[in-house]
file start.pdb (PDB, N, CA and C atoms)
MODEL        1
ATOM      1  N   MET A   1      10.581   1.822  -4.053  1.00  0.00           N
ATOM      2  CA  MET A   1      11.160   0.918  -5.021  1.00  0.00           C
ATOM      3  C   MET A   1      11.610   1.749  -6.214  1.00  0.00           C
ATOM      4  N   SER A   2      12.738   1.442  -6.750  1.00  0.00           N
ATOM      5  CA  SER A   2      13.265   2.245  -7.845  1.00  0.00           C
ATOM      6  C   SER A   2      12.463   2.046  -9.126  1.00  0.00           C
ATOM      7  N   GLN A   3      12.426   3.081  -9.907  1.00  0.00           N
ATOM      8  CA  GLN A   3      11.724   3.011 -11.190  1.00  0.00           C
ATOM      9  C   GLN A   3      12.392   1.999 -12.121  1.00  0.00           C
ATOM     10  N   ASP A   4      13.713   1.847 -12.005  1.00  0.00           N
ATOM     11  CA  ASP A   4      14.424   0.855 -12.825  1.00  0.00           C
ATOM     12  C   ASP A   4      13.948  -0.554 -12.508  1.00  0.00           C
ATOM     13  N   PHE A   5      13.779  -0.843 -11.211  1.00  0.00           N
ATOM     14  CA  PHE A   5      13.322  -2.167 -10.808  1.00  0.00           C
ATOM     15  C   PHE A   5      11.901  -2.413 -11.299  1.00  0.00           C
ATOM     16  N   ILE A   6      11.036  -1.423 -11.127  1.00  0.00           N
ATOM     17  CA  ILE A   6       9.650  -1.545 -11.582  1.00  0.00           C
ATOM     18  C   ILE A   6       9.611  -1.782 -13.086  1.00  0.00           C
ATOM     19  N   LEU A   7      10.431  -1.055 -13.833  1.00  0.00           N
ATOM     20  CA  LEU A   7      10.488  -1.238 -15.281  1.00  0.00           C
ATOM     21  C   LEU A   7      10.959  -2.650 -15.635  1.00  0.00           C
ATOM     22  N   LYS A   8      11.969  -3.135 -14.926  1.00  0.00           N
ATOM     23  CA  LYS A   8      12.475  -4.490 -15.155  1.00  0.00           C
ATOM     24  C   LYS A   8      11.367  -5.521 -14.936  1.00  0.00           C
ATOM     25  N   VAL A   9      10.594  -5.340 -13.876  1.00  0.00           N
ATOM     26  CA  VAL A   9       9.496  -6.267 -13.583  1.00  0.00           C
ATOM     27  C   VAL A   9       8.441  -6.191 -14.675  1.00  0.00           C
ATOM     28  N   ARG A  10       8.066  -4.975 -15.071  1.00  0.00           N
ATOM     29  CA  ARG A  10       7.059  -4.815 -16.124  1.00  0.00           C
ATOM     30  C   ARG A  10       7.505  -5.462 -17.436  1.00  0.00           C
ATOM     31  N   VAL A  11       8.754  -5.273 -17.800  1.00  0.00           N
ATOM     32  CA  VAL A  11       9.281  -5.851 -19.040  1.00  0.00           C
ATOM     33  C   VAL A  11       9.262  -7.376 -18.960  1.00  0.00           C
ATOM     34  N   ALA A  12       9.714  -7.915 -17.839  1.00  0.00           N
ATOM     35  CA  ALA A  12       9.730  -9.376 -17.696  1.00  0.00           C
ATOM     36  C   ALA A  12       8.320  -9.950 -17.752  1.00  0.00           C
ATOM     37  N   LEU A  13       7.376  -9.299 -17.108  1.00  0.00           N
ATOM     38  CA  LEU A  13       5.991  -9.773 -17.147  1.00  0.00           C
ATOM     39  C   LEU A  13       5.452  -9.747 -18.574  1.00  0.00           C
ATOM     40  N   ALA A  14       5.693  -8.660 -19.276  1.00  0.00           N
ATOM     41  CA  ALA A  14       5.210  -8.535 -20.652  1.00  0.00           C
ATOM     42  C   ALA A  14       5.877  -9.570 -21.563  1.00  0.00           C
ATOM     43  N   LYS A  15       7.170  -9.745 -21.393  1.00  0.00           N
ATOM     44  CA  LYS A  15       7.928 -10.683 -22.213  1.00  0.00           C
ATOM     45  C   LYS A  15       7.388 -12.106 -22.081  1.00  0.00           C
ATOM     46  N   HIS A  16       6.903 -12.438 -20.892  1.00  0.00           N
ATOM     47  CA  HIS A  16       6.424 -13.796 -20.626  1.00  0.00           C
ATOM     48  C   HIS A  16       4.902 -13.872 -20.583  1.00  0.00           C
ATOM     49  N   ASP A  17       4.276 -12.812 -21.062  1.00  0.00           N
ATOM     50  CA  ASP A  17       2.815 -12.752 -21.133  1.00  0.00           C
ATOM     51  C   ASP A  17       2.162 -13.050 -19.780  1.00  0.00           C
ATOM     52  N   LYS A  18       2.704 -12.441 -18.749  1.00  0.00           N
ATOM     53  CA  LYS A  18       2.176 -12.588 -17.389  1.00  0.00           C
ATOM     54  C   LYS A  18       1.677 -11.231 -16.911  1.00  0.00           C
ATOM     55  N   SER A  19       0.787 -11.260 -15.947  1.00  0.00           N
ATOM     56  CA  SER A  19       0.201 -10.020 -15.436  1.00  0.00           C
ATOM     57  C   SER A  19       0.695  -9.716 -14.025  1.00  0.00           C
ATOM     58  N   GLN A  20       0.406  -8.508 -13.571  1.00  0.00           N
ATOM     59  CA  GLN A  20       0.693  -8.156 -12.187  1.00  0.00           C
ATOM     60  C   GLN A  20      -0.111  -9.054 -11.258  1.00  0.00           C
ATOM     61  N   ALA A  21      -1.318  -9.409 -11.669  1.00  0.00           N
ATOM     62  CA  ALA A  21      -2.161 -10.296 -10.865  1.00  0.00           C
ATOM     63  C   ALA A  21      -1.481 -11.662 -10.705  1.00  0.00           C
ATOM     64  N   TRP A  22      -0.892 -12.169 -11.783  1.00  0.00           N
ATOM     65  CA  TRP A  22      -0.173 -13.439 -11.712  1.00  0.00           C
ATOM     66  C   TRP A  22       0.957 -13.338 -10.696  1.00  0.00           C
ATOM     67  N   LEU A  23       1.732 -12.245 -10.770  1.00  0.00           N
ATOM     68  CA  LEU A  23       2.859 -12.060  -9.867  1.00  0.00           C
ATOM     69  C   LEU A  23       2.383 -11.939  -8.427  1.00  0.00           C
ATOM     70  N   ALA A  24       1.316 -11.203  -8.204  1.00  0.00           N
ATOM     71  CA  ALA A  24       0.769 -11.070  -6.855  1.00  0.00           C
ATOM     72  C   ALA A  24       0.381 -12.441  -6.299  1.00  0.00           C
ATOM     73  N   ASP A  25      -0.296 -13.231  -7.106  1.00  0.00           N
ATOM     74  CA  ASP A  25      -0.683 -14.578  -6.679  1.00  0.00           C
ATOM     75  C   ASP A  25       0.552 -15.439  -6.410  1.00  0.00           C
ATOM     76  N   LYS A  26       1.550 -15.305  -7.256  1.00  0.00           N
ATOM     77  CA  LYS A  26       2.781 -16.095  -7.146  1.00  0.00           C
ATOM     78  C   LYS A  26       3.511 -15.832  -5.832  1.00  0.00           C
ATOM     79  N   ILE A  27       3.518 -14.586  -5.371  1.00  0.00           N
ATOM     80  CA  ILE A  27       4.260 -14.252  -4.145  1.00  0.00           C
ATOM     81  C   ILE A  27       3.335 -14.040  -2.945  1.00  0.00           C
ATOM     82  N   ASN A  28       2.076 -14.421  -3.116  1.00  0.00           N
ATOM     83  CA  ASN A  28       1.112 -14.408  -2.016  1.00  0.00           C
ATOM     84  C   ASN A  28       0.864 -13.039  -1.389  1.00  0.00           C
ATOM     85  N   ILE A  29       0.652 -12.050  -2.249  1.00  0.00           N
ATOM     86  CA  ILE A  29       0.203 -10.751  -1.768  1.00  0.00           C
ATOM     87  C   ILE A  29      -1.058 -10.395  -2.547  1.00  0.00           C
ATOM     88  N   SER A  30      -1.803  -9.431  -2.054  1.00  0.00           N
ATOM     89  CA  SER A  30      -3.031  -9.061  -2.748  1.00  0.00           C
ATOM     90  C   SER A  30      -2.706  -8.359  -4.063  1.00  0.00           C
ATOM     91  N   ARG A  31      -3.636  -8.454  -4.965  1.00  0.00           N
ATOM     92  CA  ARG A  31      -3.460  -7.791  -6.259  1.00  0.00           C
ATOM     93  C   ARG A  31      -3.441  -6.278  -6.087  1.00  0.00           C
ATOM     94  N   ALA A  32      -4.221  -5.776  -5.146  1.00  0.00           N
ATOM     95  CA  ALA A  32      -4.238  -4.334  -4.880  1.00  0.00           C
ATOM     96  C   ALA A  32      -2.887  -3.867  -4.345  1.00  0.00           C
ATOM     97  N   TYR A  33      -2.295  -4.668  -3.451  1.00  0.00           N
ATOM     98  CA  TYR A  33      -0.984  -4.319  -2.905  1.00  0.00           C
ATOM     99  C   TYR A  33       0.073  -4.340  -4.009  1.00  0.00           C
ATOM    100  N   MET A  34       0.006  -5.344  -4.891  1.00  0.00           N
ATOM    101  CA  MET A  34       0.948  -5.397  -6.019  1.00  0.00           C
ATOM    102  C   MET A  34       0.799  -4.159  -6.885  1.00  0.00           C
ATOM    103  N   SER A  35      -0.416  -3.759  -7.140  1.00  0.00           N
ATOM    104  CA  SER A  35      -0.654  -2.560  -7.936  1.00  0.00           C
ATOM    105  C   SER A  35      -0.046  -1.340  -7.260  1.00  0.00           C
ATOM    106  N   ASP A  36      -0.236  -1.243  -5.954  1.00  0.00           N
ATOM    107  CA  ASP A  36       0.345  -0.116  -5.208  1.00  0.00           C
ATOM    108  C   ASP A  36       1.863  -0.112  -5.309  1.00  0.00           C
ATOM    109  N   ILE A  37       2.480  -1.272  -5.196  1.00  0.00           N
ATOM    110  CA  ILE A  37       3.937  -1.375  -5.314  1.00  0.00           C
ATOM    111  C   ILE A  37       4.376  -0.914  -6.703  1.00  0.00           C
ATOM    112  N   MET A  38       3.720  -1.455  -7.729  1.00  0.00           N
ATOM    113  CA  MET A  38       4.118  -1.163  -9.102  1.00  0.00           C
ATOM    114  C   MET A  38       3.855   0.285  -9.503  1.00  0.00           C
ATOM    115  N   ASN A  39       2.919   0.927  -8.805  1.00  0.00           N
ATOM    116  CA  ASN A  39       2.613   2.324  -9.119  1.00  0.00           C
ATOM    117  C   ASN A  39       3.228   3.301  -8.126  1.00  0.00           C
ATOM    118  N   GLY A  40       4.105   2.809  -7.247  1.00  0.00           N
ATOM    119  CA  GLY A  40       4.833   3.667  -6.331  1.00  0.00           C
ATOM    120  C   GLY A  40       3.993   4.290  -5.231  1.00  0.00           C
ATOM    121  N   ARG A  41       2.862   3.675  -4.892  1.00  0.00           N
ATOM    122  CA  ARG A  41       2.000   4.250  -3.860  1.00  0.00           C
ATOM    123  C   ARG A  41       2.309   3.748  -2.457  1.00  0.00           C
ATOM    124  N   ARG A  42       3.230   2.803  -2.318  1.00  0.00           N
ATOM    125  CA  ARG A  42       3.601   2.289  -0.997  1.00  0.00           C
ATOM    126  C   ARG A  42       4.942   2.863  -0.586  1.00  0.00           C
ATOM    127  N   LYS A  43       5.130   3.029   0.707  1.00  0.00           N
ATOM    128  CA  LYS A  43       6.389   3.555   1.238  1.00  0.00           C
ATOM    129  C   LYS A  43       7.486   2.505   1.100  1.00  0.00           C
ATOM    130  N   PRO A  44       8.704   2.942   0.822  1.00  0.00           N
ATOM    131  CA  PRO A  44       9.806   1.988   0.614  1.00  0.00           C
ATOM    132  C   PRO A  44      10.013   1.006   1.751  1.00  0.00           C
ATOM    133  N   ASP A  45       9.848   1.408   3.016  1.00  0.00           N
ATOM    134  CA  ASP A  45      10.083   0.474   4.112  1.00  0.00           C
ATOM    135  C   ASP A  45       9.133  -0.712   4.039  1.00  0.00           C
ATOM    136  N   ARG A  46       7.957  -0.507   3.542  1.00  0.00           N
ATOM    137  CA  ARG A  46       6.980  -1.586   3.389  1.00  0.00           C
ATOM    138  C   ARG A  46       7.292  -2.419   2.142  1.00  0.00           C
ATOM    139  N   GLN A  47       7.775  -1.787   1.107  1.00  0.00           N
ATOM    140  CA  GLN A  47       8.051  -2.471  -0.159  1.00  0.00           C
ATOM    141  C   GLN A  47       9.247  -3.404  -0.072  1.00  0.00           C
ATOM    142  N   VAL A  48      10.228  -3.065   0.743  1.00  0.00           N
ATOM    143  CA  VAL A  48      11.463  -3.845   0.813  1.00  0.00           C
ATOM    144  C   VAL A  48      11.167  -5.310   1.105  1.00  0.00           C
ATOM    145  N   LYS A  49      10.148  -5.590   1.884  1.00  0.00           N
ATOM    146  CA  LYS A  49       9.797  -6.966   2.223  1.00  0.00           C
ATOM    147  C   LYS A  49       9.355  -7.764   1.003  1.00  0.00           C
ATOM    148  N   GLN A  50       8.969  -7.096  -0.070  1.00  0.00           N
ATOM    149  CA  GLN A  50       8.465  -7.782  -1.260  1.00  0.00           C
ATOM    150  C   GLN A  50       9.492  -7.878  -2.378  1.00  0.00           C
ATOM    151  N   VAL A  51      10.607  -7.191  -2.262  1.00  0.00           N
ATOM    152  CA  VAL A  51      11.589  -7.160  -3.351  1.00  0.00           C
ATOM    153  C   VAL A  51      12.144  -8.547  -3.650  1.00  0.00           C
ATOM    154  N   LYS A  52      12.568  -9.284  -2.651  1.00  0.00           N
ATOM    155  CA  LYS A  52      13.172 -10.611  -2.878  1.00  0.00           C
ATOM    156  C   LYS A  52      12.188 -11.578  -3.536  1.00  0.00           C
ATOM    157  N   PRO A  53      10.928 -11.676  -3.048  1.00  0.00           N
ATOM    158  CA  PRO A  53       9.995 -12.577  -3.729  1.00  0.00           C
ATOM    159  C   PRO A  53       9.712 -12.165  -5.174  1.00  0.00           C
ATOM    160  N   ILE A  54       9.646 -10.865  -5.430  1.00  0.00           N
ATOM    161  CA  ILE A  54       9.421 -10.390  -6.799  1.00  0.00           C
ATOM    162  C   ILE A  54      10.613 -10.771  -7.671  1.00  0.00           C
ATOM    163  N   GLU A  55      11.825 -10.525  -7.170  1.00  0.00           N
ATOM    164  CA  GLU A  55      13.025 -10.885  -7.928  1.00  0.00           C
ATOM    165  C   GLU A  55      13.067 -12.383  -8.197  1.00  0.00           C
ATOM    166  N   ALA A  56      12.702 -13.194  -7.206  1.00  0.00           N
ATOM    167  CA  ALA A  56      12.718 -14.648  -7.373  1.00  0.00           C
ATOM    168  C   ALA A  56      11.709 -15.085  -8.437  1.00  0.00           C
ATOM    169  N   ALA A  57      10.527 -14.486  -8.431  1.00  0.00           N
ATOM    170  CA  ALA A  57       9.508 -14.847  -9.425  1.00  0.00           C
ATOM    171  C   ALA A  57       9.959 -14.471 -10.831  1.00  0.00           C
ATOM    172  N   ILE A  58      10.587 -13.312 -10.973  1.00  0.00           N
ATOM    173  CA  ILE A  58      11.085 -12.875 -12.285  1.00  0.00           C
ATOM    174  C   ILE A  58      12.222 -13.796 -12.731  1.00  0.00           C
ATOM    175  N   ALA A  59      13.106 -14.167 -11.821  1.00  0.00           N
ATOM    176  CA  ALA A  59      14.201 -15.078 -12.161  1.00  0.00           C
ATOM    177  C   ALA A  59      13.654 -16.431 -12.621  1.00  0.00           C
ATOM    178  N   GLU A  60      12.596 -16.873 -11.975  1.00  0.00           N
ATOM    179  CA  GLU A  60      11.969 -18.136 -12.372  1.00  0.00           C
ATOM    180  C   GLU A  60      11.414 -18.045 -13.795  1.00  0.00           C
ATOM    181  N   LEU A  61      10.815 -16.901 -14.127  1.00  0.00           N
ATOM    182  CA  LEU A  61      10.331 -16.706 -15.497  1.00  0.00           C
ATOM    183  C   LEU A  61      11.463 -16.779 -16.493  1.00  0.00           C
ATOM    184  N   GLU A  62      12.575 -16.131 -16.155  1.00  0.00           N
ATOM    185  CA  GLU A  62      13.734 -16.119 -17.049  1.00  0.00           C
ATOM    186  C   GLU A  62      14.283 -17.535 -17.249  1.00  0.00           C
ATOM    187  N   LYS A  63      14.269 -18.370 -16.220  1.00  0.00           N
ATOM    188  CA  LYS A  63      14.739 -19.752 -16.340  1.00  0.00           C
ATOM    189  C   LYS A  63      13.877 -20.549 -17.294  1.00  0.00           C
ATOM    190  N   GLU A  64      12.562 -20.294 -17.272  1.00  0.00           N
ATOM    191  CA  GLU A  64      11.638 -21.014 -18.139  1.00  0.00           C
ATOM    192  C   GLU A  64      11.937 -20.764 -19.613  1.00  0.00           C
ATOM    193  N   GLU A  65      12.560 -19.645 -19.890  1.00  0.00           N
ATOM    194  CA  GLU A  65      12.871 -19.256 -21.263  1.00  0.00           C
ATOM    195  C   GLU A  65      13.972 -20.132 -21.848  1.00  0.00           C
ATOM    196  N   ILE A  66      14.843 -20.634 -21.021  1.00  0.00           N
ATOM    197  CA  ILE A  66      16.009 -21.407 -21.486  1.00  0.00           C
ATOM    198  C   ILE A  66      15.617 -22.753 -21.982  1.00  0.00           C
TER     199      ILE A  66
ENDMDL
END
call {"tool": "encode", "arguments": {"input": "start.pdb", "output": "C-alpha cells"}}
result
Amino acid sequence: MSQDFILKVRVALAKHDKSQAWLADKINISRAYMSDIMNGRRKPDRQVKQVKPIEAAIAELEKEEI
C-alpha cells in the first residue's frame, strides 16, 4: 500500500477523531491486521483486498462532515 494512501487514511482518522481500531471494526478485519496494513508489514497482494473497504469508510467519514 502506498505511503500516500496510508497518510490519507491517518489524516482522515485523526480529523474525525477515529482510531485504527474503529476502522478495523468498520470493515470487519482484525485490529492486528489493520495495524499491519497501516505499518506496511503486509504484502501488497494481500492488502489490495482491503483498499476499497478502507476508501469507502474514509469517504463515509468525509460525508458526515458536510
call {"tool": "resolve_selection", "arguments": {"input": "start.pdb", "expression": "the PyMOL selection byres (((chain A and resi 27 and name CA) around 9) and name CA)", "output": "number ranges by chain"}}
result
A: 22-26, 28-29, 50, 53-54, 57
call {"tool": "resolve_selection", "arguments": {"input": "start.pdb", "expression": "the PyMOL selection byres (((chain A and resi 16 and name CA) around 12) and name CA)", "output": "VMD selection string"}}
result
chain A and resid 9 to 15 17 to 20 22 to 23 57 to 65
call {"tool": "select_by_dssp", "arguments": {"input": "start.pdb", "residues": "range 7-63 of chain A", "states": "helix (DSSP H, G or I)", "output": "PDB file with N, CA and C atoms, in the coordinates of the input"}}
result
ATOM      1  N   LEU A   7      10.431  -1.055 -13.833  1.00  0.00           N
ATOM      2  CA  LEU A   7      10.488  -1.238 -15.281  1.00  0.00           C
ATOM      3  C   LEU A   7      10.959  -2.650 -15.635  1.00  0.00           C
ATOM      4  N   LYS A   8      11.969  -3.135 -14.926  1.00  0.00           N
ATOM      5  CA  LYS A   8      12.475  -4.490 -15.155  1.00  0.00           C
ATOM      6  C   LYS A   8      11.367  -5.521 -14.936  1.00  0.00           C
ATOM      7  N   VAL A   9      10.594  -5.340 -13.876  1.00  0.00           N
ATOM      8  CA  VAL A   9       9.496  -6.267 -13.583  1.00  0.00           C
ATOM      9  C   VAL A   9       8.441  -6.191 -14.675  1.00  0.00           C
ATOM     10  N   ARG A  10       8.066  -4.975 -15.071  1.00  0.00           N
ATOM     11  CA  ARG A  10       7.059  -4.815 -16.124  1.00  0.00           C
ATOM     12  C   ARG A  10       7.505  -5.462 -17.436  1.00  0.00           C
ATOM     13  N   VAL A  11       8.754  -5.273 -17.800  1.00  0.00           N
ATOM     14  CA  VAL A  11       9.281  -5.851 -19.040  1.00  0.00           C
ATOM     15  C   VAL A  11       9.262  -7.376 -18.960  1.00  0.00           C
ATOM     16  N   ALA A  12       9.714  -7.915 -17.839  1.00  0.00           N
ATOM     17  CA  ALA A  12       9.730  -9.376 -17.696  1.00  0.00           C
ATOM     18  C   ALA A  12       8.320  -9.950 -17.752  1.00  0.00           C
ATOM     19  N   LEU A  13       7.376  -9.299 -17.108  1.00  0.00           N
ATOM     20  CA  LEU A  13       5.991  -9.773 -17.147  1.00  0.00           C
ATOM     21  C   LEU A  13       5.452  -9.747 -18.574  1.00  0.00           C
ATOM     22  N   ALA A  14       5.693  -8.660 -19.276  1.00  0.00           N
ATOM     23  CA  ALA A  14       5.210  -8.535 -20.652  1.00  0.00           C
ATOM     24  C   ALA A  14       5.877  -9.570 -21.563  1.00  0.00           C
ATOM     25  N   LYS A  15       7.170  -9.745 -21.393  1.00  0.00           N
ATOM     26  CA  LYS A  15       7.928 -10.683 -22.213  1.00  0.00           C
ATOM     27  C   LYS A  15       7.388 -12.106 -22.081  1.00  0.00           C
ATOM     28  N   GLN A  20       0.406  -8.508 -13.571  1.00  0.00           N
ATOM     29  CA  GLN A  20       0.693  -8.156 -12.187  1.00  0.00           C
ATOM     30  C   GLN A  20      -0.111  -9.054 -11.258  1.00  0.00           C
ATOM     31  N   ALA A  21      -1.318  -9.409 -11.669  1.00  0.00           N
ATOM     32  CA  ALA A  21      -2.161 -10.296 -10.865  1.00  0.00           C
ATOM     33  C   ALA A  21      -1.481 -11.662 -10.705  1.00  0.00           C
ATOM     34  N   TRP A  22      -0.892 -12.169 -11.783  1.00  0.00           N
ATOM     35  CA  TRP A  22      -0.173 -13.439 -11.712  1.00  0.00           C
ATOM     36  C   TRP A  22       0.957 -13.338 -10.696  1.00  0.00           C
ATOM     37  N   LEU A  23       1.732 -12.245 -10.770  1.00  0.00           N
ATOM     38  CA  LEU A  23       2.859 -12.060  -9.867  1.00  0.00           C
ATOM     39  C   LEU A  23       2.383 -11.939  -8.427  1.00  0.00           C
ATOM     40  N   ALA A  24       1.316 -11.203  -8.204  1.00  0.00           N
ATOM     41  CA  ALA A  24       0.769 -11.070  -6.855  1.00  0.00           C
ATOM     42  C   ALA A  24       0.381 -12.441  -6.299  1.00  0.00           C
ATOM     43  N   ASP A  25      -0.296 -13.231  -7.106  1.00  0.00           N
ATOM     44  CA  ASP A  25      -0.683 -14.578  -6.679  1.00  0.00           C
ATOM     45  C   ASP A  25       0.552 -15.439  -6.410  1.00  0.00           C
ATOM     46  N   LYS A  26       1.550 -15.305  -7.256  1.00  0.00           N
ATOM     47  CA  LYS A  26       2.781 -16.095  -7.146  1.00  0.00           C
ATOM     48  C   LYS A  26       3.511 -15.832  -5.832  1.00  0.00           C
ATOM     49  N   ARG A  31      -3.636  -8.454  -4.965  1.00  0.00           N
ATOM     50  CA  ARG A  31      -3.460  -7.791  -6.259  1.00  0.00           C
ATOM     51  C   ARG A  31      -3.441  -6.278  -6.087  1.00  0.00           C
ATOM     52  N   ALA A  32      -4.221  -5.776  -5.146  1.00  0.00           N
ATOM     53  CA  ALA A  32      -4.238  -4.334  -4.880  1.00  0.00           C
ATOM     54  C   ALA A  32      -2.887  -3.867  -4.345  1.00  0.00           C
ATOM     55  N   TYR A  33      -2.295  -4.668  -3.451  1.00  0.00           N
ATOM     56  CA  TYR A  33      -0.984  -4.319  -2.905  1.00  0.00           C
ATOM     57  C   TYR A  33       0.073  -4.340  -4.009  1.00  0.00           C
ATOM     58  N   MET A  34       0.006  -5.344  -4.891  1.00  0.00           N
ATOM     59  CA  MET A  34       0.948  -5.397  -6.019  1.00  0.00           C
ATOM     60  C   MET A  34       0.799  -4.159  -6.885  1.00  0.00           C
ATOM     61  N   SER A  35      -0.416  -3.759  -7.140  1.00  0.00           N
ATOM     62  CA  SER A  35      -0.654  -2.560  -7.936  1.00  0.00           C
ATOM     63  C   SER A  35      -0.046  -1.340  -7.260  1.00  0.00           C
ATOM     64  N   ASP A  36      -0.236  -1.243  -5.954  1.00  0.00           N
ATOM     65  CA  ASP A  36       0.345  -0.116  -5.208  1.00  0.00           C
ATOM     66  C   ASP A  36       1.863  -0.112  -5.309  1.00  0.00           C
ATOM     67  N   ILE A  37       2.480  -1.272  -5.196  1.00  0.00           N
ATOM     68  CA  ILE A  37       3.937  -1.375  -5.314  1.00  0.00           C
ATOM     69  C   ILE A  37       4.376  -0.914  -6.703  1.00  0.00           C
ATOM     70  N   MET A  38       3.720  -1.455  -7.729  1.00  0.00           N
ATOM     71  CA  MET A  38       4.118  -1.163  -9.102  1.00  0.00           C
ATOM     72  C   MET A  38       3.855   0.285  -9.503  1.00  0.00           C
ATOM     73  N   PRO A  44       8.704   2.942   0.822  1.00  0.00           N
ATOM     74  CA  PRO A  44       9.806   1.988   0.614  1.00  0.00           C
ATOM     75  C   PRO A  44      10.013   1.006   1.751  1.00  0.00           C
ATOM     76  N   ASP A  45       9.848   1.408   3.016  1.00  0.00           N
ATOM     77  CA  ASP A  45      10.083   0.474   4.112  1.00  0.00           C
ATOM     78  C   ASP A  45       9.133  -0.712   4.039  1.00  0.00           C
ATOM     79  N   ARG A  46       7.957  -0.507   3.542  1.00  0.00           N
ATOM     80  CA  ARG A  46       6.980  -1.586   3.389  1.00  0.00           C
ATOM     81  C   ARG A  46       7.292  -2.419   2.142  1.00  0.00           C
ATOM     82  N   GLN A  47       7.775  -1.787   1.107  1.00  0.00           N
ATOM     83  CA  GLN A  47       8.051  -2.471  -0.159  1.00  0.00           C
ATOM     84  C   GLN A  47       9.247  -3.404  -0.072  1.00  0.00           C
ATOM     85  N   VAL A  48      10.228  -3.065   0.743  1.00  0.00           N
ATOM     86  CA  VAL A  48      11.463  -3.845   0.813  1.00  0.00           C
ATOM     87  C   VAL A  48      11.167  -5.310   1.105  1.00  0.00           C
ATOM     88  N   LYS A  49      10.148  -5.590   1.884  1.00  0.00           N
ATOM     89  CA  LYS A  49       9.797  -6.966   2.223  1.00  0.00           C
ATOM     90  C   LYS A  49       9.355  -7.764   1.003  1.00  0.00           C
ATOM     91  N   GLN A  50       8.969  -7.096  -0.070  1.00  0.00           N
ATOM     92  CA  GLN A  50       8.465  -7.782  -1.260  1.00  0.00           C
ATOM     93  C   GLN A  50       9.492  -7.878  -2.378  1.00  0.00           C
ATOM     94  N   VAL A  51      10.607  -7.191  -2.262  1.00  0.00           N
ATOM     95  CA  VAL A  51      11.589  -7.160  -3.351  1.00  0.00           C
ATOM     96  C   VAL A  51      12.144  -8.547  -3.650  1.00  0.00           C
ATOM     97  N   LYS A  52      12.568  -9.284  -2.651  1.00  0.00           N
ATOM     98  CA  LYS A  52      13.172 -10.611  -2.878  1.00  0.00           C
ATOM     99  C   LYS A  52      12.188 -11.578  -3.536  1.00  0.00           C
ATOM    100  N   PRO A  53      10.928 -11.676  -3.048  1.00  0.00           N
ATOM    101  CA  PRO A  53       9.995 -12.577  -3.729  1.00  0.00           C
ATOM    102  C   PRO A  53       9.712 -12.165  -5.174  1.00  0.00           C
ATOM    103  N   ILE A  54       9.646 -10.865  -5.430  1.00  0.00           N
ATOM    104  CA  ILE A  54       9.421 -10.390  -6.799  1.00  0.00           C
ATOM    105  C   ILE A  54      10.613 -10.771  -7.671  1.00  0.00           C
ATOM    106  N   GLU A  55      11.825 -10.525  -7.170  1.00  0.00           N
ATOM    107  CA  GLU A  55      13.025 -10.885  -7.928  1.00  0.00           C
ATOM    108  C   GLU A  55      13.067 -12.383  -8.197  1.00  0.00           C
ATOM    109  N   ALA A  56      12.702 -13.194  -7.206  1.00  0.00           N
ATOM    110  CA  ALA A  56      12.718 -14.648  -7.373  1.00  0.00           C
ATOM    111  C   ALA A  56      11.709 -15.085  -8.437  1.00  0.00           C
ATOM    112  N   ALA A  57      10.527 -14.486  -8.431  1.00  0.00           N
ATOM    113  CA  ALA A  57       9.508 -14.847  -9.425  1.00  0.00           C
ATOM    114  C   ALA A  57       9.959 -14.471 -10.831  1.00  0.00           C
ATOM    115  N   ILE A  58      10.587 -13.312 -10.973  1.00  0.00           N
ATOM    116  CA  ILE A  58      11.085 -12.875 -12.285  1.00  0.00           C
ATOM    117  C   ILE A  58      12.222 -13.796 -12.731  1.00  0.00           C
ATOM    118  N   ALA A  59      13.106 -14.167 -11.821  1.00  0.00           N
ATOM    119  CA  ALA A  59      14.201 -15.078 -12.161  1.00  0.00           C
ATOM    120  C   ALA A  59      13.654 -16.431 -12.621  1.00  0.00           C
ATOM    121  N   GLU A  60      12.596 -16.873 -11.975  1.00  0.00           N
ATOM    122  CA  GLU A  60      11.969 -18.136 -12.372  1.00  0.00           C
ATOM    123  C   GLU A  60      11.414 -18.045 -13.795  1.00  0.00           C
ATOM    124  N   LEU A  61      10.815 -16.901 -14.127  1.00  0.00           N
ATOM    125  CA  LEU A  61      10.331 -16.706 -15.497  1.00  0.00           C
ATOM    126  C   LEU A  61      11.463 -16.779 -16.493  1.00  0.00           C
ATOM    127  N   GLU A  62      12.575 -16.131 -16.155  1.00  0.00           N
ATOM    128  CA  GLU A  62      13.734 -16.119 -17.049  1.00  0.00           C
ATOM    129  C   GLU A  62      14.283 -17.535 -17.249  1.00  0.00           C
ATOM    130  N   LYS A  63      14.269 -18.370 -16.220  1.00  0.00           N
ATOM    131  CA  LYS A  63      14.739 -19.752 -16.340  1.00  0.00           C
ATOM    132  C   LYS A  63      13.877 -20.549 -17.294  1.00  0.00           C
TER     133      LYS A  63
END
call {"tool": "atom_distance", "arguments": {"input": "start.pdb", "atom1": "atom C of Glu55 in chain A", "atom2": "CA of Ser30 in chain A"}}
result
17.3 Å
call {"tool": "axis_aligned_box", "arguments": {"input": "start.pdb", "around": "range 2-19 of chain A", "padding_each_side": "3 Å", "output": "lines of an AutoDock Vina configuration file"}}
result
center_x = 7.3
center_y = -5.4
center_z = -14.5
size_x = 20.2
size_y = 23.0
size_z = 21.5
call {"tool": "atom_distance", "arguments": {"input": "start.pdb", "atom1": "CA of Gln3 in chain A", "atom2": "CA of Met38 in chain A"}}
result
8.9 Å
call {"tool": "atom_distance", "arguments": {"input": "start.pdb", "atom1": "CA of Ser35 in chain A", "atom2": "CA of Ala21 in chain A"}}
result
8.4 Å
